[in-house]
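What follows is the content of coords-v7.txt (compact mmCIF, C-alpha atoms and all ligand atoms).
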```txt
# COMPACT_ATOMS: atom_id res chain seq x y z
CA MET A 1 -32.91 0.29 34.70
CA THR A 2 -29.77 2.40 34.71
CA TYR A 3 -26.18 1.31 34.31
CA ASP A 4 -23.55 2.57 36.69
CA LEU A 5 -20.37 2.63 34.60
CA SER A 6 -17.92 3.43 37.36
CA ARG A 7 -14.82 1.25 37.40
CA ARG A 8 -15.86 -0.28 40.69
CA SER A 9 -19.24 -1.40 39.39
CA LEU A 10 -17.65 -2.85 36.21
CA LEU A 11 -15.29 -4.89 38.37
CA ALA A 12 -18.25 -6.12 40.41
CA LEU A 13 -20.07 -7.02 37.18
CA GLY A 14 -17.07 -9.09 36.02
CA ALA A 15 -16.97 -10.93 39.30
CA GLY A 16 -20.72 -11.58 39.12
CA LEU A 17 -20.48 -13.02 35.60
CA GLY A 18 -17.71 -15.33 36.72
CA ALA A 19 -19.79 -16.61 39.55
CA SER A 20 -22.91 -17.21 37.48
CA THR A 21 -21.06 -19.17 34.78
CA VAL A 22 -19.59 -21.41 37.43
CA LEU A 23 -23.10 -22.05 38.69
CA GLY A 24 -24.37 -23.10 35.24
CA SER A 25 -22.05 -25.97 34.50
CA ASN A 26 -18.51 -27.10 34.97
CA ALA A 27 -18.34 -28.69 31.51
CA PHE A 28 -16.47 -25.85 29.78
CA ALA A 29 -15.40 -26.37 26.22
CA ARG A 30 -11.81 -25.37 27.06
CA ALA A 31 -11.16 -24.88 23.36
CA PRO A 32 -7.54 -24.09 22.61
CA LYS A 33 -6.76 -20.72 20.98
CA LEU A 34 -6.48 -21.24 17.23
CA GLY A 35 -3.86 -18.61 16.41
CA THR A 36 -4.83 -18.51 12.73
CA GLN A 37 -6.16 -15.78 10.46
CA PRO A 38 -8.03 -15.74 7.14
CA ALA A 39 -6.00 -15.62 3.94
CA TYR A 40 -4.43 -12.23 3.10
CA PHE A 41 -6.36 -11.43 -0.07
CA TYR A 42 -9.56 -9.54 -0.83
CA ARG A 43 -11.65 -9.71 -3.99
CA PHE A 44 -14.17 -7.32 -5.56
CA GLY A 45 -15.62 -6.47 -8.95
CA LEU A 46 -14.82 -3.41 -11.08
CA GLY A 47 -17.06 -3.17 -14.16
CA ASP A 48 -16.33 -6.33 -16.13
CA ALA A 49 -13.03 -6.87 -14.34
CA GLU A 50 -12.22 -8.80 -11.17
CA VAL A 51 -9.83 -7.25 -8.66
CA THR A 52 -7.90 -9.34 -6.13
CA VAL A 53 -5.90 -7.35 -3.58
CA VAL A 54 -2.95 -9.33 -2.23
CA SER A 55 -0.78 -8.27 0.68
CA ASP A 56 2.98 -8.27 1.03
CA GLY A 57 2.45 -7.92 4.78
CA PRO A 58 2.68 -4.98 7.19
CA LEU A 59 5.71 -2.71 7.04
CA PRO A 60 6.50 -1.05 10.41
CA LEU A 61 8.26 2.32 10.10
CA GLY A 62 8.83 2.85 13.84
CA PRO A 63 8.29 6.23 15.55
CA PRO A 64 7.13 9.01 13.21
CA LYS A 65 9.90 11.42 14.22
CA GLY A 66 12.33 12.00 11.38
CA THR A 67 10.08 10.16 8.87
CA PHE A 68 7.02 12.42 8.78
CA ILE A 69 8.47 15.90 8.70
CA GLY A 70 7.54 19.56 8.28
CA VAL A 71 5.00 19.41 11.13
CA PRO A 72 6.11 19.44 14.83
CA ASP A 73 6.60 15.92 16.18
CA GLU A 74 4.13 16.50 19.04
CA GLU A 75 1.44 17.41 16.52
CA VAL A 76 2.15 14.30 14.43
CA LYS A 77 1.87 12.12 17.55
CA LYS A 78 -1.40 13.79 18.54
CA MET A 79 -2.83 13.16 15.06
CA LEU A 80 -1.99 9.48 15.49
CA SER A 81 -3.31 9.07 19.03
CA ASP A 82 -6.47 11.08 18.25
CA ASN A 83 -7.14 8.46 15.57
CA PHE A 84 -6.44 5.53 17.92
CA LEU A 85 -3.18 4.71 16.14
CA SER A 86 0.14 4.02 17.84
CA ALA A 87 2.26 7.15 18.21
CA GLU A 88 5.33 4.94 18.70
CA ASN A 89 5.17 2.79 15.60
CA VAL A 90 3.65 3.82 12.28
CA VAL A 91 2.66 0.68 10.41
CA LEU A 92 2.04 0.73 6.66
CA GLU A 93 0.29 -2.06 4.79
CA GLN A 94 1.35 -3.15 1.29
CA ASN A 95 -1.77 -3.71 -0.80
CA SER A 96 -1.29 -4.82 -4.40
CA PRO A 97 -4.32 -5.09 -6.67
CA ILE A 98 -4.24 -7.80 -9.32
CA VAL A 99 -6.77 -6.89 -11.98
CA ASN A 100 -8.21 -9.57 -14.23
CA MET A 101 -9.31 -7.56 -17.26
CA GLY A 102 -10.75 -10.61 -18.98
CA ASP A 103 -7.98 -10.77 -21.56
CA ARG A 104 -5.04 -10.16 -19.23
CA LEU A 105 -3.94 -10.27 -15.61
CA VAL A 106 -2.27 -7.09 -14.32
CA LEU A 107 -0.36 -6.84 -11.01
CA PHE A 108 0.46 -3.47 -9.44
CA ASP A 109 3.71 -3.36 -7.39
CA THR A 110 5.45 -6.35 -5.85
CA GLY A 111 6.30 -5.66 -2.18
CA MET A 112 9.61 -5.98 -0.33
CA GLY A 113 10.43 -9.44 -1.63
CA THR A 114 13.51 -10.89 0.04
CA SER A 115 14.60 -7.64 1.72
CA LYS A 116 14.07 -7.60 5.49
CA ALA A 117 15.01 -3.91 5.82
CA PHE A 118 11.73 -3.27 7.64
CA GLY A 119 11.59 -6.49 9.66
CA PRO A 120 10.15 -9.98 9.24
CA THR A 121 6.47 -9.22 8.48
CA THR A 122 7.00 -8.23 4.83
CA GLY A 123 7.65 -10.45 1.82
CA ARG A 124 4.47 -12.54 1.73
CA GLN A 125 3.12 -11.44 -1.67
CA GLN A 126 3.77 -14.81 -3.29
CA LYS A 127 2.10 -16.56 -0.36
CA SER A 128 -0.92 -14.22 -0.51
CA MET A 129 -1.18 -14.83 -4.24
CA ALA A 130 -1.18 -18.61 -3.67
CA GLU A 131 -3.90 -18.17 -1.03
CA ALA A 132 -5.90 -16.23 -3.63
CA GLY A 133 -5.49 -19.00 -6.22
CA ILE A 134 -3.46 -16.85 -8.61
CA LYS A 135 -0.42 -18.37 -10.32
CA PRO A 136 2.58 -16.05 -10.83
CA ALA A 137 3.03 -17.57 -14.31
CA ASP A 138 -0.42 -16.25 -15.26
CA ILE A 139 0.51 -12.60 -14.57
CA ASP A 140 0.76 -10.85 -17.97
CA ALA A 141 1.77 -7.39 -16.79
CA VAL A 142 3.55 -6.06 -13.71
CA VAL A 143 2.94 -2.33 -13.37
CA LEU A 144 5.34 -0.46 -11.08
CA SER A 145 4.49 2.89 -9.47
CA HIS A 146 8.18 3.54 -8.78
CA ALA A 147 11.44 1.72 -8.11
CA HIS A 148 11.54 1.87 -4.29
CA ILE A 149 12.45 -1.27 -2.37
CA ASP A 150 8.86 -1.97 -1.16
CA HIS A 151 7.40 -1.80 -4.69
CA ILE A 152 9.96 -3.62 -6.87
CA GLY A 153 11.36 -6.00 -4.23
CA GLY A 154 9.24 -8.97 -5.23
CA ILE A 155 10.17 -9.15 -8.91
CA VAL A 156 12.89 -11.77 -8.39
CA ASP A 157 13.39 -14.56 -5.86
CA VAL A 158 16.34 -15.01 -3.53
CA ASP A 159 18.45 -16.32 -6.43
CA GLY A 160 17.62 -13.39 -8.70
CA LYS A 161 15.20 -15.39 -10.84
CA PRO A 162 12.11 -13.50 -12.10
CA LEU A 163 8.98 -14.66 -10.25
CA PHE A 164 6.59 -13.67 -13.05
CA PRO A 165 8.14 -15.53 -16.00
CA ASN A 166 5.55 -14.52 -18.59
CA ALA A 167 5.07 -10.87 -17.67
CA GLN A 168 6.01 -7.59 -19.27
CA TYR A 169 7.07 -4.93 -16.75
CA TYR A 170 5.95 -1.31 -16.92
CA ILE A 171 7.68 1.64 -15.21
CA ALA A 172 8.63 5.29 -15.89
CA GLN A 173 12.03 5.44 -17.57
CA SER A 174 13.20 8.28 -15.30
CA ASP A 175 12.66 6.06 -12.25
CA PHE A 176 14.40 3.10 -13.80
CA ASP A 177 17.40 5.26 -14.75
CA PHE A 178 17.61 6.96 -11.34
CA TRP A 179 17.39 3.88 -9.13
CA THR A 180 19.56 1.52 -11.16
CA ASP A 181 22.33 4.12 -11.52
CA GLU A 182 25.62 2.56 -10.43
CA GLY A 183 26.93 6.03 -9.63
CA LYS A 184 24.62 6.16 -6.58
CA LEU A 185 26.07 2.99 -5.00
CA GLY A 186 28.38 5.12 -2.83
CA SER A 187 25.58 7.44 -1.69
CA PRO A 188 23.09 7.21 1.21
CA LEU A 189 20.63 5.76 -1.34
CA LYS A 190 22.86 2.70 -1.72
CA ASP A 191 20.45 0.10 -0.24
CA PHE A 192 17.63 1.27 -2.49
CA VAL A 193 19.87 1.20 -5.55
CA VAL A 194 21.23 -2.27 -4.77
CA HIS A 195 17.70 -3.62 -4.42
CA ALA A 196 16.42 -1.86 -7.55
CA ARG A 197 19.32 -3.27 -9.59
CA LYS A 198 18.79 -6.75 -8.15
CA ASN A 199 15.12 -6.74 -9.20
CA LEU A 200 14.95 -4.62 -12.35
CA LEU A 201 18.10 -5.60 -14.26
CA PRO A 202 17.09 -9.28 -14.68
CA VAL A 203 13.90 -8.15 -16.46
CA ARG A 204 15.55 -5.30 -18.38
CA ASP A 205 14.58 -6.78 -21.77
CA ARG A 206 10.95 -7.13 -20.65
CA LEU A 207 10.62 -3.53 -19.44
CA VAL A 208 8.26 -1.13 -21.17
CA PHE A 209 8.46 2.58 -20.34
CA PHE A 210 5.13 4.40 -20.17
CA LYS A 211 4.55 8.11 -20.68
CA ASP A 212 2.46 10.53 -18.62
CA GLY A 213 -1.18 10.30 -19.69
CA GLN A 214 -0.65 7.20 -21.80
CA GLU A 215 -3.13 4.31 -21.68
CA PHE A 216 -0.29 1.80 -22.01
CA LEU A 217 -2.54 -1.21 -21.42
CA PRO A 218 -6.27 -1.30 -22.19
CA GLY A 219 -7.92 0.16 -19.09
CA VAL A 220 -4.67 1.29 -17.43
CA GLN A 221 -3.61 4.92 -17.76
CA ALA A 222 -0.42 6.44 -16.32
CA MET A 223 -0.58 9.76 -14.45
CA ALA A 224 2.76 11.25 -13.48
CA ALA A 225 2.98 12.11 -9.77
CA PRO A 226 6.64 13.11 -9.36
CA GLY A 227 8.33 14.06 -6.11
CA HIS A 228 8.26 10.91 -4.00
CA THR A 229 10.60 9.69 -6.73
CA VAL A 230 11.44 11.33 -10.06
CA GLY A 231 9.20 9.02 -12.07
CA HIS A 232 6.60 8.15 -9.44
CA THR A 233 3.29 7.43 -11.21
CA ILE A 234 -0.29 6.67 -10.20
CA PHE A 235 -2.70 4.72 -12.42
CA MET A 236 -6.33 5.05 -13.44
CA VAL A 237 -7.70 1.53 -13.75
CA SER A 238 -11.00 1.23 -15.64
CA SER A 239 -13.42 -1.41 -16.85
CA ALA A 240 -16.90 -0.98 -18.34
CA GLY A 241 -17.33 2.56 -17.04
CA LYS A 242 -16.01 1.88 -13.51
CA SER A 243 -12.63 3.11 -12.30
CA PHE A 244 -10.30 3.39 -9.38
CA ALA A 245 -7.02 5.20 -8.93
CA PHE A 246 -4.10 3.07 -7.75
CA LEU A 247 -2.24 5.61 -5.62
CA GLY A 248 1.17 3.98 -5.24
CA ASP A 249 2.96 6.29 -2.77
CA LEU A 250 1.03 9.49 -3.53
CA THR A 251 0.26 9.42 0.19
CA HIS A 252 1.68 6.87 2.62
CA HIS A 253 -0.77 7.32 5.45
CA PRO A 254 -4.55 7.71 5.71
CA ILE A 255 -4.17 10.41 8.38
CA LEU A 256 -0.72 11.99 8.38
CA LEU A 257 -0.05 12.76 4.73
CA LEU A 258 -3.73 13.17 3.93
CA GLU A 259 -5.31 15.37 6.58
CA LYS A 260 -2.19 17.53 6.27
CA PRO A 261 -1.11 16.83 2.70
CA ARG A 262 1.77 19.34 2.83
CA MET A 263 3.46 17.26 5.51
CA GLN A 264 6.63 15.72 4.10
CA PHE A 265 7.99 12.20 4.05
CA SER A 266 11.69 11.60 4.61
CA TYR A 267 11.93 9.02 1.80
CA ASP A 268 10.75 11.58 -0.78
CA THR A 269 13.37 12.43 -3.40
CA ASP A 270 11.85 15.95 -3.64
CA PRO A 271 9.44 16.44 -0.70
CA GLN A 272 8.19 19.82 -1.96
CA GLN A 273 7.31 18.43 -5.37
CA ALA A 274 5.77 15.32 -3.75
CA ALA A 275 3.42 17.53 -1.72
CA GLU A 276 2.44 19.48 -4.85
CA SER A 277 1.69 16.26 -6.77
CA ARG A 278 -0.26 14.95 -3.80
CA VAL A 279 -2.48 18.01 -3.46
CA LYS A 280 -3.05 18.35 -7.22
CA LEU A 281 -3.96 14.71 -7.88
CA LEU A 282 -5.98 14.16 -4.70
CA ASP A 283 -7.92 17.32 -5.59
CA MET A 284 -8.76 15.80 -8.97
CA ILE A 285 -9.64 12.41 -7.42
CA ALA A 286 -11.83 13.91 -4.67
CA GLY A 287 -13.48 16.31 -7.13
CA ASN A 288 -14.43 13.45 -9.45
CA LYS A 289 -15.29 11.04 -6.61
CA ILE A 290 -12.93 8.40 -8.04
CA PRO A 291 -12.46 5.46 -5.63
CA VAL A 292 -8.88 4.86 -4.54
CA MET A 293 -6.82 1.75 -4.05
CA SER A 294 -4.00 2.77 -1.76
CA TYR A 295 -0.83 0.71 -1.47
CA HIS A 296 0.02 1.70 2.11
CA PHE A 297 -3.35 2.35 3.80
CA ALA A 298 -4.97 -0.06 6.25
CA TRP A 299 -5.91 -3.38 4.67
CA PRO A 300 -7.25 -3.74 2.03
CA GLY A 301 -6.76 -0.06 1.11
CA TYR A 302 -9.91 0.52 -0.95
CA GLY A 303 -11.99 3.62 -0.26
CA HIS A 304 -12.81 7.22 -1.05
CA ILE A 305 -11.16 10.60 -0.62
CA ALA A 306 -13.02 13.81 0.22
CA LYS A 307 -11.73 17.35 0.51
CA THR A 308 -11.63 19.08 3.91
CA SER A 309 -10.76 22.66 4.83
CA GLU A 310 -7.08 21.85 5.35
CA GLY A 311 -6.57 18.74 3.28
CA PHE A 312 -8.38 15.47 2.67
CA HIS A 313 -10.21 12.76 4.55
CA TYR A 314 -10.19 9.06 3.75
CA TYR A 315 -13.35 6.97 4.00
CA PRO A 316 -12.50 3.26 3.78
CA GLU A 317 -15.02 1.22 1.85
CA ALA A 318 -16.52 -1.53 4.01
CA MET A 319 -15.26 -4.95 2.98
CA SER A 320 -17.93 -7.08 1.36
CA LEU A 321 -17.38 -10.81 1.10
CA ASN A 322 -20.17 -11.15 -1.45
CA LEU A 323 -18.82 -11.07 -4.97
ZN ZN B 401 6.07 2.61 -0.60
```

Translate the structure of the given file into structure tokens.
Ligand SMILES: [Zn+2]
Amino acid sequence: MTYDLSRRSLLALGAGLGASTVLGSNAFARAPKLGTQPAYFYRFGLGDAEVTVVSDGPLPLGPPKGTFIGVPDEEVKKMLSDNFLSAENVVLEQNSPIVNMGDRLVLFDTGMGTSKAFGPTTGRQQKSMAEAGIKPADIDAVVLSHAHIDHIGGIVDVDGKPLFPNAQYYIAQSDFDFWTDEGKLGSPLKDFVVHARKNLLPVRDRLVFFKDGQEFLPGVQAMAAPGHTVGHTIFMVSSAGKSFAFLGDLTHHPILLLEKPRMQFSYDTDPQQAAESRVKLLDMIAGNKIPVMSYHFAWPGYGHIAKTSEGFHYYPEAMSLNL
């Protein structure tokens, strides 16, 4: 038997199916659409640790033009459409791992929080955490890759009250100083500075500044990745011989800033330096086959990076619902 896949024959096939189901019975279930989704968390093991990724919700950037720069806009759009992604709206996820090390619970980055600068779909980290059965009061450490709005925004609630009352907060001092600087309130960075001050100043006395290369918590090592911001940092997270790299904003997109890692991102403080950090650290990660947990890649953001002739390729790890 051969299948004729012309449009006309597919239409005929659809009509035929309709007719035959009518013949079978008229007692259709007529079930209403449910309109619900599973909870927005994902859990997996890492050595002796348990990792729960929670989402702050999708963050739509809009058309790539003016945001992904240094490569002609037509080429950027082709990269997106060749990968079956919208060329009109680049959507980033916000994936935060919470690592239960056995003796402490460590959260990486906190989402947009109350800011709606990128629309209504962000700001669900607390909800995702509740769905995952994790209490904010049980978080011992909040580790921040940098002080941008979509990473520090969920530290305080709408009234400015810290949401993780028992946590210490870890960030690079250069990033804290840059983004809480009152002197930048009159600059184009104003919105970012306002939000950083709103979230970081209430926990100022609980902040710990890490250094490049330092294992500032057992199993969590800082690796400076400057450029996106002055103190932008990625983290090697390890337990019982297993590791992943939490990438923060080393690359925002699994295609655009990865396949062409020298492409630039308009939110970079120093785009040139960001590209250098990206290439250097991804080279190390790919060379050592270290799994990655990426904040902005498609949910849940866990996978592997391999080198290609021009840049890198991302292989998402299949989700497994067996623990
Ligand atoms: Zn980000």

For this session: Taking only C-alpha atoms and all ligand atoms into account, report as a PyMOL selection string which residues have an atom no farther than 7 Å from an atom of ligand ZN 401 (chain B).
Result: chain A and resi 148+150-151+248-249+252+296

Could you save the residues just selected, with C-alpha atoms, as a compact mmCIF listing (two decimals), in the frame of the given file?
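Final output, part.txt:
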```
# COMPACT_ATOMS: atom_id res chain seq x y z
CA HIS A 148 11.54 1.87 -4.29
CA ASP A 150 8.86 -1.97 -1.16
CA HIS A 151 7.40 -1.80 -4.69
CA GLY A 248 1.17 3.98 -5.24
CA ASP A 249 2.96 6.29 -2.77
CA HIS A 252 1.68 6.87 2.62
CA HIS A 296 0.02 1.70 2.11
```

Residues of stretch 188-307 of chain A that have any atom at most 12 Å from an atom of stretch 131-143 of chain A: could you tabulate them with the shortest-distance atom pair and the distance in Å to one decimal, using only C-alpha atoms, ordered by chain and increasing number, as JSON lines?
```
{"residue": "A:Leu200", "atom": "CA", "partner": "A:Val142", "partner_atom": "CA", "distance": 11.6}
{"residue": "A:Val203", "atom": "CA", "partner": "A:Val142", "partner_atom": "CA", "distance": 10.9}
{"residue": "A:Arg206", "atom": "CA", "partner": "A:Ala141", "partner_atom": "CA", "distance": 10.0}
{"residue": "A:Leu207", "atom": "CA", "partner": "A:Val142", "partner_atom": "CA", "distance": 9.4}
{"residue": "A:Val208", "atom": "CA", "partner": "A:Val143", "partner_atom": "CA", "distance": 9.5}
{"residue": "A:Phe209", "atom": "CA", "partner": "A:Val143", "partner_atom": "CA", "distance": 10.2}
{"residue": "A:Phe210", "atom": "CA", "partner": "A:Val143", "partner_atom": "CA", "distance": 9.8}
{"residue": "A:Phe216", "atom": "CA", "partner": "A:Val143", "partner_atom": "CA", "distance": 10.1}
{"residue": "A:Leu217", "atom": "CA", "partner": "A:Ala141", "partner_atom": "CA", "distance": 8.8}
{"residue": "A:Pro218", "atom": "CA", "partner": "A:Ala141", "partner_atom": "CA", "distance": 11.4}
{"residue": "A:Val220", "atom": "CA", "partner": "A:Val143", "partner_atom": "CA", "distance": 9.4}
{"residue": "A:Gln221", "atom": "CA", "partner": "A:Val143", "partner_atom": "CA", "distance": 10.7}
{"residue": "A:Ala222", "atom": "CA", "partner": "A:Val143", "partner_atom": "CA", "distance": 9.8}
{"residue": "A:His232", "atom": "CA", "partner": "A:Val143", "partner_atom": "CA", "distance": 11.8}
{"residue": "A:Thr233", "atom": "CA", "partner": "A:Val143", "partner_atom": "CA", "distance": 10.0}
{"residue": "A:Ile234", "atom": "CA", "partner": "A:Val143", "partner_atom": "CA", "distance": 10.1}
{"residue": "A:Phe235", "atom": "CA", "partner": "A:Val143", "partner_atom": "CA", "distance": 9.1}
{"residue": "A:Met236", "atom": "CA", "partner": "A:Val143", "partner_atom": "CA", "distance": 11.8}
{"residue": "A:Val237", "atom": "CA", "partner": "A:Val143", "partner_atom": "CA", "distance": 11.3}
{"residue": "A:Phe246", "atom": "CA", "partner": "A:Val143", "partner_atom": "CA", "distance": 10.5}
{"residue": "A:Gly248", "atom": "CA", "partner": "A:Val143", "partner_atom": "CA", "distance": 10.4}
```

Exercise. Which residue, A:Leu5, A:Ala224, A:Leu34, A:Val91, has the smallest gap to A:Ser174 when you use all atoms listed in the file?
Worked result: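 Among A:Leu5, A:Ala224, A:Leu34, A:Val91, it is A:Ala224 that comes nearest to A:Ser174.
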
Exercise. Which one is closest to A:Met223: A:Val193, A:Leu256, A:Ala31, A:Met284? Count all atoms listed in the file.
Worked result: A:Met284

Exercise. Could you work out how far atom CA of A:Thr110 lies from atom CA of A:Ile152, giving the answer in Å with one decimal?
Worked result: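 If I compute the distance from atom CA of A:Ile152 to atom CA of A:Thr110, I get 5.4 Å.
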
Problem set entry | Near-stretch 72-75 of chain A list (12 Å; only C-alpha atoms; drop same-chain fewer than 4 positions) as number ranges by chain | A: 63-68, 79-82, 87-88, 256, 260, 263-264

For this session: In Å, rounded to a single decimal, give me how far atom CA of A:Pro60 is from atom CA of A:Ser187.
Result: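 Taking atom CA of A:Ser187 as the start and atom CA of A:Pro60 as the end point, the length is 24.1 Å.
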
Exercise. Restricting the calculation to only C-alpha atoms, which member of A:Pro162, A:Pro58, A:Pro226, A:Gly153 is positioned closest to A:Gly119?
Worked result: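 Using only C-alpha atoms, the shortest distance to A:Gly119 belongs to A:Pro58.
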
For this session: Please identify all polymer residues within 12 Å of stretch 115-118 of chain A, counting all atoms listed in the file, omitting same-chain residues fewer than 6 positions from it, and present them as an MDAnalysis selection string.
Result: chainID A and resid 56:62 89:93 124 148:158 191:192 194:196 198:199

Exercise. Of the candidates A:Ala225, A:Ala306, A:Leu247, A:Leu201, which shows the shortest atom-to-atom distance to A:Asp109, using only C-alpha atoms?
Worked result: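 Once distances to A:Asp109 are computed over only C-alpha atoms, the minimum belongs to A:Leu247.
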
For this session: Write out as JSON, numbers by chain each polymer residue whose atoms come within 8 Å of stretch 270-273 of chain A, counting only C-alpha atoms; drop sequence neighbours fewer than 5 positions from it.
Result: {"A": [226, 227, 228, 229, 230, 264, 265]}

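Across the model, the gap from atom CA of A:Leu257 to atom CA of A:Thr114 is 27.7 Å.
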
Problem set entry | Among the residues A:Val76, A:Ile69, A:Ala27, A:Val54, the one that comes closest to A:Gly111 [using only C-alpha atoms] |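 For A:Gly111, the nearest of the candidates is A:Val54.
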
For this session: Dump as number ranges by chain all residues having an atom at most 10 Å from (-10.6, 5.8, 2.6), computed in the file's coordinates with only C-alpha atoms.
Result: A: 254-255, 291-294, 297-298, 301-306, 312-318

Please produce an output containing C-alpha atoms for each residue in the selection, written as a short mmCIF file (atom, residue, chain, number, x, y, z; two decimals), in the coordinates of the input.
```
data_model
loop_
_atom_site.label_atom_id
_atom_site.label_comp_id
_atom_site.auth_asym_id
_atom_site.auth_seq_id
_atom_site.Cartn_x
_atom_site.Cartn_y
_atom_site.Cartn_z
CA PRO A 254 -4.55 7.71 5.71
CA ILE A 255 -4.17 10.41 8.38
CA PRO A 291 -12.46 5.46 -5.63
CA VAL A 292 -8.88 4.86 -4.54
CA MET A 293 -6.82 1.75 -4.05
CA SER A 294 -4.00 2.77 -1.76
CA PHE A 297 -3.35 2.35 3.80
CA ALA A 298 -4.97 -0.06 6.25
CA GLY A 301 -6.76 -0.06 1.11
CA TYR A 302 -9.91 0.52 -0.95
CA GLY A 303 -11.99 3.62 -0.26
CA HIS A 304 -12.81 7.22 -1.05
CA ILE A 305 -11.16 10.60 -0.62
CA ALA A 306 -13.02 13.81 0.22
CA PHE A 312 -8.38 15.47 2.67
CA HIS A 313 -10.21 12.76 4.55
CA TYR A 314 -10.19 9.06 3.75
CA TYR A 315 -13.35 6.97 4.00
CA PRO A 316 -12.50 3.26 3.78
CA GLU A 317 -15.02 1.22 1.85
CA ALA A 318 -16.52 -1.53 4.01
#
```

Exercise. Which residue gives the smallest distance to A:Gly213 among A:Gly287, A:Asn166, A:Ala172, A:Asn95, with all atoms listed in the file counted?
Worked result: A:Ala172

Output, as AutoDock Vina command-line options, the centre and edge lengths in Å (one decimal) of the axis-aligned box that contains all listed atoms of stretch 82-92 of chain A with 6 Å of margin on each side.
```
--center_x -0.9 --center_y 5.9 --center_z 12.7 --size_x 24.5 --size_y 22.4 --size_z 24.0
```
